[in-house]
>>> print(open('model_3.tsv').read())   # TSV, C-alpha atoms
chain	number	residue	atom	x	y	z
C	1	MET	CA	91.05	101.90	76.08
C	2	PRO	CA	87.35	102.89	75.98
C	3	ILE	CA	85.13	101.49	78.72
C	4	ALA	CA	82.09	99.55	77.55
C	5	ILE	CA	78.89	100.97	79.02
C	6	PRO	CA	76.48	98.24	80.18
C	7	LEU	CA	73.13	98.48	78.44
C	8	THR	CA	71.00	95.59	79.63
C	9	LYS	CA	69.72	95.01	83.16
C	10	GLU	CA	71.85	91.88	83.51
C	11	GLU	CA	74.96	93.72	82.34
C	12	ILE	CA	74.32	96.47	84.90
C	13	LYS	CA	73.93	93.86	87.65
C	14	ARG	CA	77.21	92.20	86.66
C	15	GLU	CA	79.06	95.53	86.62
C	16	PHE	CA	77.55	96.50	89.97
C	17	LYS	CA	78.73	93.22	91.50
C	18	SER	CA	82.19	93.57	89.94
C	19	VAL	CA	82.71	97.16	91.14
C	20	SER	CA	81.34	96.33	94.57
C	21	GLY	CA	83.79	93.45	94.92
C	22	LYS	CA	86.73	95.67	93.99
C	23	LEU	CA	85.67	98.28	96.55
C	24	GLU	CA	85.57	95.54	99.19
C	25	SER	CA	89.22	94.82	98.41
C	26	LEU	CA	89.94	98.40	99.53
C	27	GLY	CA	88.58	97.67	102.99
C	28	LEU	CA	84.89	98.44	102.60
C	29	SER	CA	82.22	96.03	103.76
C	30	ALA	CA	79.66	94.69	101.29
C	31	TYR	CA	77.06	97.19	102.53
C	32	GLU	CA	79.55	100.08	102.40
C	33	SER	CA	80.57	99.21	98.83
C	34	ARG	CA	76.98	99.16	97.65
C	35	ALA	CA	76.14	102.35	99.51
C	36	TYR	CA	79.11	104.20	97.96
C	37	ILE	CA	78.07	103.08	94.46
C	38	ALA	CA	74.53	104.32	95.20
C	39	LEU	CA	75.91	107.68	96.35
C	40	VAL	CA	77.93	108.02	93.16
C	41	ALA	CA	74.90	107.10	91.08
C	42	HIS	CA	72.64	109.70	92.76
C	43	GLY	CA	75.24	112.36	93.49
C	44	TYR	CA	73.81	112.77	96.99
C	45	GLY	CA	71.15	111.24	99.19
C	46	ASN	CA	69.85	110.56	102.66
C	47	ALA	CA	69.92	107.20	104.42
C	48	GLU	CA	66.48	106.16	103.19
C	49	LEU	CA	67.28	106.78	99.52
C	50	ILE	CA	70.68	105.10	99.68
C	51	ALA	CA	69.29	102.08	101.53
C	52	LYS	CA	66.65	101.62	98.83
C	53	THR	CA	69.09	101.98	95.91
C	54	ALA	CA	71.86	99.89	97.48
C	55	GLN	CA	69.36	97.27	98.70
C	56	ILE	CA	70.64	97.30	102.25
C	57	PRO	CA	68.51	97.31	105.43
C	58	ARG	CA	67.24	100.76	106.25
C	59	THR	CA	68.25	100.24	109.89
C	60	SER	CA	71.84	99.69	108.78
C	61	ALA	CA	72.02	102.63	106.37
C	62	TYR	CA	72.83	105.26	109.00
C	63	SER	CA	75.81	103.38	110.43
C	64	VAL	CA	77.00	102.38	106.94
C	65	LEU	CA	77.00	105.99	105.70
C	66	LYS	CA	78.70	107.17	108.88
C	67	SER	CA	81.39	104.53	108.37
C	68	LEU	CA	81.88	105.69	104.77
C	69	GLU	CA	82.34	109.21	106.10
C	70	ILE	CA	84.95	108.04	108.62
C	71	LYS	CA	86.81	106.10	105.91
C	72	GLY	CA	86.84	109.12	103.59
C	73	PHE	CA	84.39	107.82	100.99
C	74	ALA	CA	81.50	110.16	101.82
C	75	ILE	CA	80.88	113.71	103.01
C	76	ALA	CA	78.02	114.55	105.39
C	77	THR	CA	76.15	117.84	105.19
C	78	SER	CA	74.67	119.60	108.20
C	79	GLY	CA	70.96	119.59	108.88
C	80	ARG	CA	68.20	117.05	109.36
C	81	PRO	CA	67.95	114.64	107.74
C	82	VAL	CA	71.67	114.35	107.10
C	83	ILE	CA	72.48	114.35	103.38
C	84	TYR	CA	75.57	112.50	102.18
C	85	LYS	CA	77.63	113.17	99.07
C	86	PRO	CA	80.24	110.79	97.66
C	87	GLU	CA	83.89	111.66	97.76
C	88	PRO	CA	84.68	111.95	94.02
C	89	PRO	CA	85.97	108.63	92.61
C	90	SER	CA	88.99	110.47	91.18
C	91	LYS	CA	90.03	111.54	94.69
C	92	ILE	CA	89.55	107.99	95.98
C	93	TYR	CA	91.70	106.72	93.12
C	94	GLU	CA	94.51	109.18	93.83
C	95	ARG	CA	94.43	108.39	97.54
C	96	VAL	CA	94.47	104.63	97.02
C	97	ARG	CA	97.27	104.92	94.48
C	98	ALA	CA	99.38	106.91	96.94
C	99	GLU	CA	98.67	104.42	99.71
C	100	LEU	CA	99.53	101.46	97.49
C	101	GLU	CA	102.78	103.15	96.49
C	102	GLU	CA	103.61	103.53	100.17
C	103	THR	CA	102.79	99.88	100.83
C	104	PHE	CA	104.92	98.65	97.96
C	105	GLN	CA	107.75	100.92	99.10
C	106	LYS	CA	107.61	99.02	102.39
C	107	LEU	CA	107.71	95.70	100.56
C	108	GLU	CA	110.59	96.84	98.36
C	109	LEU	CA	112.47	97.99	101.44
C	110	ILE	CA	111.90	94.58	103.03
C	111	HIS	CA	113.20	92.89	99.89
C	112	GLU	CA	116.31	95.08	99.70
C	113	ILE	CA	117.17	94.71	103.38
C	114	LEU	CA	116.96	90.93	103.29
C	115	ARG	CA	118.82	90.70	99.99
C	116	GLU	CA	121.68	92.91	101.20
C	117	ARG	CA	121.99	91.04	104.49
C	118	GLY	CA	121.70	87.67	102.83
C	119	GLU	CA	119.16	86.62	105.41
C	120	PRO	CA	116.60	83.93	104.61
C	121	GLN	CA	113.26	85.50	103.72
C	122	LEU	CA	111.17	83.72	106.36
C	123	VAL	CA	107.94	85.57	105.90
C	124	TYR	CA	105.04	83.56	107.28
C	125	THR	CA	101.75	84.02	105.45
C	126	ILE	CA	98.49	83.69	107.37
C	127	THR	CA	95.07	83.70	105.72
C	128	GLY	CA	91.61	84.09	107.21
C	129	LYS	CA	90.39	87.06	109.25
C	130	GLU	CA	90.03	85.02	112.44
C	131	LYS	CA	93.57	83.63	112.22
C	132	VAL	CA	95.05	87.04	111.34
C	133	THR	CA	93.27	88.64	114.30
C	134	GLU	CA	94.44	85.81	116.56
C	135	LYS	CA	98.04	86.42	115.43
C	136	ILE	CA	97.77	90.12	116.25
C	137	GLY	CA	96.38	89.14	119.65
C	138	GLU	CA	99.24	86.68	120.17
C	139	LEU	CA	101.83	89.38	119.42
C	140	LEU	CA	100.02	91.71	121.80
C	141	ASP	CA	99.90	89.13	124.59
C	142	LYS	CA	103.62	88.37	124.19
C	143	SER	CA	104.67	92.03	124.17
C	144	THR	CA	106.68	93.04	127.22
C	145	LYS	CA	107.87	96.56	126.31
C	146	ASN	CA	105.95	98.17	123.44
C	147	PHE	CA	103.33	97.41	120.84
C	148	ILE	CA	102.48	99.56	117.81
C	149	ILE	CA	99.45	99.08	115.58
C	150	SER	CA	98.48	101.22	112.59
C	151	THR	CA	95.07	100.28	111.18
C	152	PRO	CA	92.08	101.77	109.35
C	153	VAL	CA	89.77	99.11	110.89
C	154	LEU	CA	90.33	99.77	114.58
C	155	SER	CA	86.66	99.05	115.33
C	156	GLU	CA	87.15	95.41	114.29
C	157	VAL	CA	90.40	95.14	116.24
C	158	ARG	CA	88.72	96.72	119.26
C	159	GLU	CA	85.85	94.24	119.12
C	160	LYS	CA	88.14	91.20	119.04
C	161	LEU	CA	91.18	92.36	121.01
C	162	GLY	CA	89.93	95.03	123.41
C	163	LYS	CA	90.66	92.88	126.48
C	164	ASN	CA	94.10	91.96	125.16
C	165	ILE	CA	94.96	95.65	124.86
C	166	GLN	CA	93.70	96.37	128.37
C	167	ASN	CA	95.76	93.48	129.76
C	168	ALA	CA	98.87	94.72	127.93
C	169	LEU	CA	98.42	98.19	129.42
C	170	LYS	CA	98.07	96.64	132.89
C	171	ARG	CA	101.38	94.81	132.33
C	172	GLY	CA	103.04	98.14	131.63
C	173	VAL	CA	103.35	97.70	127.86
C	174	GLU	CA	103.50	101.00	125.96
C	175	VAL	CA	100.73	100.68	123.36
C	176	THR	CA	100.70	103.05	120.37
C	177	VAL	CA	97.68	103.27	118.07
C	178	ILE	CA	97.59	104.99	114.67
C	179	THR	CA	94.10	105.10	113.19
C	180	GLU	CA	91.59	107.11	111.20
C	181	PRO	CA	89.90	110.26	112.57
C	182	LEU	CA	86.68	109.66	114.55
C	183	GLN	CA	87.56	106.03	115.32
C	184	LYS	CA	86.70	105.32	118.96
C	185	VAL	CA	89.77	104.62	121.11
C	186	PRO	CA	88.67	103.73	124.66
C	187	TRP	CA	92.12	103.04	126.12
C	188	GLU	CA	94.89	105.18	127.61
C	189	VAL	CA	97.33	104.70	124.73
C	190	ARG	CA	99.66	106.86	122.64
C	191	LEU	CA	97.21	107.92	119.94
C	192	PHE	CA	97.86	109.33	116.48
C	193	ARG	CA	95.26	109.91	113.79
C	194	ARG	CA	95.77	109.92	110.05
C	195	LYS	CA	93.39	109.81	107.11
C	196	GLY	CA	93.81	107.33	104.30
C	197	LEU	CA	95.30	104.33	106.10
C	198	ILE	CA	94.89	101.17	104.06
C	199	ALA	CA	96.95	98.31	105.53
C	200	THR	CA	97.24	97.15	109.13
C	201	ASP	CA	100.84	97.27	110.40
C	202	VAL	CA	101.93	95.79	113.73
C	203	ILE	CA	105.25	95.85	115.57
C	204	SER	CA	105.81	94.01	118.84
C	205	ASP	CA	108.81	94.78	121.07
C	206	GLY	CA	110.72	96.09	118.07
C	207	ARG	CA	111.44	92.65	116.67
C	208	ASN	CA	108.20	91.08	115.37
C	209	ALA	CA	106.46	92.69	112.38
C	210	LEU	CA	103.12	92.00	110.69
C	211	ILE	CA	101.49	93.61	107.65
C	212	ALA	CA	97.85	92.69	106.95
C	213	SER	CA	95.49	93.37	104.05
C	214	PRO	CA	92.77	96.04	104.44
C	215	ASP	CA	90.11	93.43	105.23
C	216	LEU	CA	92.39	91.50	107.65
C	217	ASN	CA	91.92	88.37	105.54
C	218	ALA	CA	95.64	87.84	104.96
C	219	CYS	CA	98.92	88.96	106.47
C	220	GLY	CA	102.66	88.53	106.29
C	221	TYR	CA	104.51	87.99	109.56
C	222	ILE	CA	108.24	87.94	110.26
C	223	GLU	CA	110.53	87.67	113.27
C	224	ASN	CA	113.32	90.00	112.23
C	225	GLU	CA	114.60	92.87	114.35
C	226	SER	CA	116.16	94.85	111.49
C	227	LEU	CA	113.01	94.57	109.41
C	228	ALA	CA	110.79	95.57	112.32
C	229	ARG	CA	113.03	98.57	112.94
C	230	HIS	CA	112.63	99.78	109.37
C	231	LEU	CA	108.86	99.30	109.46
C	232	LYS	CA	108.84	101.28	112.69
C	233	GLN	CA	110.57	104.14	110.89
C	234	PHE	CA	107.67	104.25	108.40
C	235	LEU	CA	105.17	104.36	111.25
C	236	GLU	CA	107.11	107.10	113.02
C	237	ILE	CA	106.72	109.21	109.88
C	238	LEU	CA	102.95	108.75	110.17
C	239	MET	CA	103.11	109.84	113.81
C	240	GLU	CA	105.09	112.96	112.96
C	241	HIS	CA	102.43	114.03	110.45
>>> encode(input="model_3.tsv", output="structure tokens")
Amino acid sequence: MPIAIPLTKEEIKREFKSVSGKLESLGLSAYESRAYIALVAHGYGNAELIAKTAQIPRTSAYSVLKSLEIKGFAIATSGRPVIYKPEPPSKIYERVRAELEETFQKLELIHEILRERGEPQLVYTITGKEKVTEKIGELLDKSTKNFIISTPVLSEVREKLGKNIQNALKRGVEVTVITEPLQKVPWEVRLFRRKGLIATDVISDGRNALIASPDLNACGYIENESLARHLKQFLEILMEH
């Protein structure tokens, strides 16, 4: 199906808003979405140019572009000032498609396990970033043996739950973190890095499992040892690679 090219200023604004919103569903902030679109439009640019085109504060542009680089949406060149180029949209598409396939494989596995065992599908849904973060913190605080978290947004988790992680380590809980390259990890944890993470997965003591959306605005939570064990197998594959 051919794509209609917007011609008027209002049509361009509507398309910009629509594309920006879809990028936010992939885990980008509003500023990051607009900055990536600006990069694609220009082909390359420094912080000043991108800030002007994306209509974001100039003081925020540097951190926004750096975050896009960490998340795999931009490439930084050497030199001063730093010039950024967009990761080609086709590569982003292929990466997201692969990650979504992996996520739905997890969901299909969950469905098959519960169907075969005849167990009630008690999956608790939680909405709202604050409530989702609180639930992750609750699982962390209740952990007595081990806690695994795989997330592309570790900076947000660190900001809200840094003390919870420190307290868990003091209790002797083995904490494992899987996150993107260059993400700051200030704790003495088992650390694995992998590009292209999209969802946040959590396992507590091998029996409680949580899968959250990229923006942490919604999650599914279940108390099921067999299910948590299978999710752990997926995460162990990430650790091996």
>>> axis_aligned_box(input="model_3.tsv", around="range 196-202 of chain C", padding_each_side="8 Å", output="JSON")
{"center_x": 97.9, "center_y": 101.6, "center_z": 108.9, "size_x": 24.1, "size_y": 27.5, "size_z": 25.7}
>>> atom_distance(input="model_3.tsv", atom1="CA of Glu236 in chain C", atom2="CA of Thr151 in chain C")
14.0 Å
>>> residues_around(input="model_3.tsv", residues="range 153-170 of chain C", least_positions_apart="5", cutoff="10 Å", atoms="only C-alpha atoms", output="number ranges by chain")
C: 27-28, 71, 130, 133-134, 136-147, 175, 177-180, 183-189, 197-200, 214-216
>>> write_last_selection(input="model_3.tsv", atoms="C-alpha atoms", output="short mmCIF file (atom, residue, chain, number, x, y, z; two decimals), keeping the file's coordinate frame")
data_model
loop_
_atom_site.label_atom_id
_atom_site.label_comp_id
_atom_site.auth_asym_id
_atom_site.auth_seq_id
_atom_site.Cartn_x
_atom_site.Cartn_y
_atom_site.Cartn_z
CA GLY C 27 88.58 97.67 102.99
CA LEU C 28 84.89 98.44 102.60
CA LYS C 71 86.81 106.10 105.91
CA GLU C 130 90.03 85.02 112.44
CA THR C 133 93.27 88.64 114.30
CA GLU C 134 94.44 85.81 116.56
CA ILE C 136 97.77 90.12 116.25
CA GLY C 137 96.38 89.14 119.65
CA GLU C 138 99.24 86.68 120.17
CA LEU C 139 101.83 89.38 119.42
CA LEU C 140 100.02 91.71 121.80
CA ASP C 141 99.90 89.13 124.59
CA LYS C 142 103.62 88.37 124.19
CA SER C 143 104.67 92.03 124.17
CA THR C 144 106.68 93.04 127.22
CA LYS C 145 107.87 96.56 126.31
CA ASN C 146 105.95 98.17 123.44
CA PHE C 147 103.33 97.41 120.84
CA VAL C 175 100.73 100.68 123.36
CA VAL C 177 97.68 103.27 118.07
CA ILE C 178 97.59 104.99 114.67
CA THR C 179 94.10 105.10 113.19
CA GLU C 180 91.59 107.11 111.20
CA GLN C 183 87.56 106.03 115.32
CA LYS C 184 86.70 105.32 118.96
CA VAL C 185 89.77 104.62 121.11
CA PRO C 186 88.67 103.73 124.66
CA TRP C 187 92.12 103.04 126.12
CA GLU C 188 94.89 105.18 127.61
CA VAL C 189 97.33 104.70 124.73
CA LEU C 197 95.30 104.33 106.10
CA ILE C 198 94.89 101.17 104.06
CA ALA C 199 96.95 98.31 105.53
CA THR C 200 97.24 97.15 109.13
CA PRO C 214 92.77 96.04 104.44
CA ASP C 215 90.11 93.43 105.23
CA LEU C 216 92.39 91.50 107.65
#
>>> closest_residue(input="model_3.tsv", among="C:Arg193, C:Arg14, C:Ile126, C:Glu48", to="Ile211 in chain C", atoms="only C-alpha atoms")
C:Ile126
>>> residues_around(input="model_3.tsv", residues="Glu99 in chain C", least_positions_apart="2", cutoff="8 Å", atoms="all atoms listed in the file", output="mmCIF file with C-alpha atoms, in the coordinates of the input")
data_model
loop_
_atom_site.group_PDB
_atom_site.id
_atom_site.type_symbol
_atom_site.label_atom_id
_atom_site.label_comp_id
_atom_site.auth_asym_id
_atom_site.auth_seq_id
_atom_site.Cartn_x
_atom_site.Cartn_y
_atom_site.Cartn_z
ATOM 1 C CA ARG C 95 94.430 108.390 97.540
ATOM 2 C CA VAL C 96 94.470 104.630 97.020
ATOM 3 C CA ARG C 97 97.270 104.920 94.480
ATOM 4 C CA GLU C 101 102.780 103.150 96.490
ATOM 5 C CA GLU C 102 103.610 103.530 100.170
ATOM 6 C CA THR C 103 102.790 99.880 100.830
ATOM 7 C CA GLY C 196 93.810 107.330 104.300
ATOM 8 C CA LEU C 197 95.300 104.330 106.100
ATOM 9 C CA ILE C 198 94.890 101.170 104.060
#
>>> atom_distance(input="model_3.tsv", atom1="CA of Leu65 in chain C", atom2="CA of Ala38 in chain C")
10.9 Å
>>> residues_near_point(input="model_3.tsv", point="(76.1, 110.0, 96.2)", cutoff="12 Å", atoms="all atoms listed in the file", output="PyMOL selection string")
chain C and resi 33-47+49-51+53-54+65+68-69+73-77+83-89
>>> atom_distance(input="model_3.tsv", atom1="CA of Val64 in chain C", atom2="CA of Tyr31 in chain C")
6.8 Å
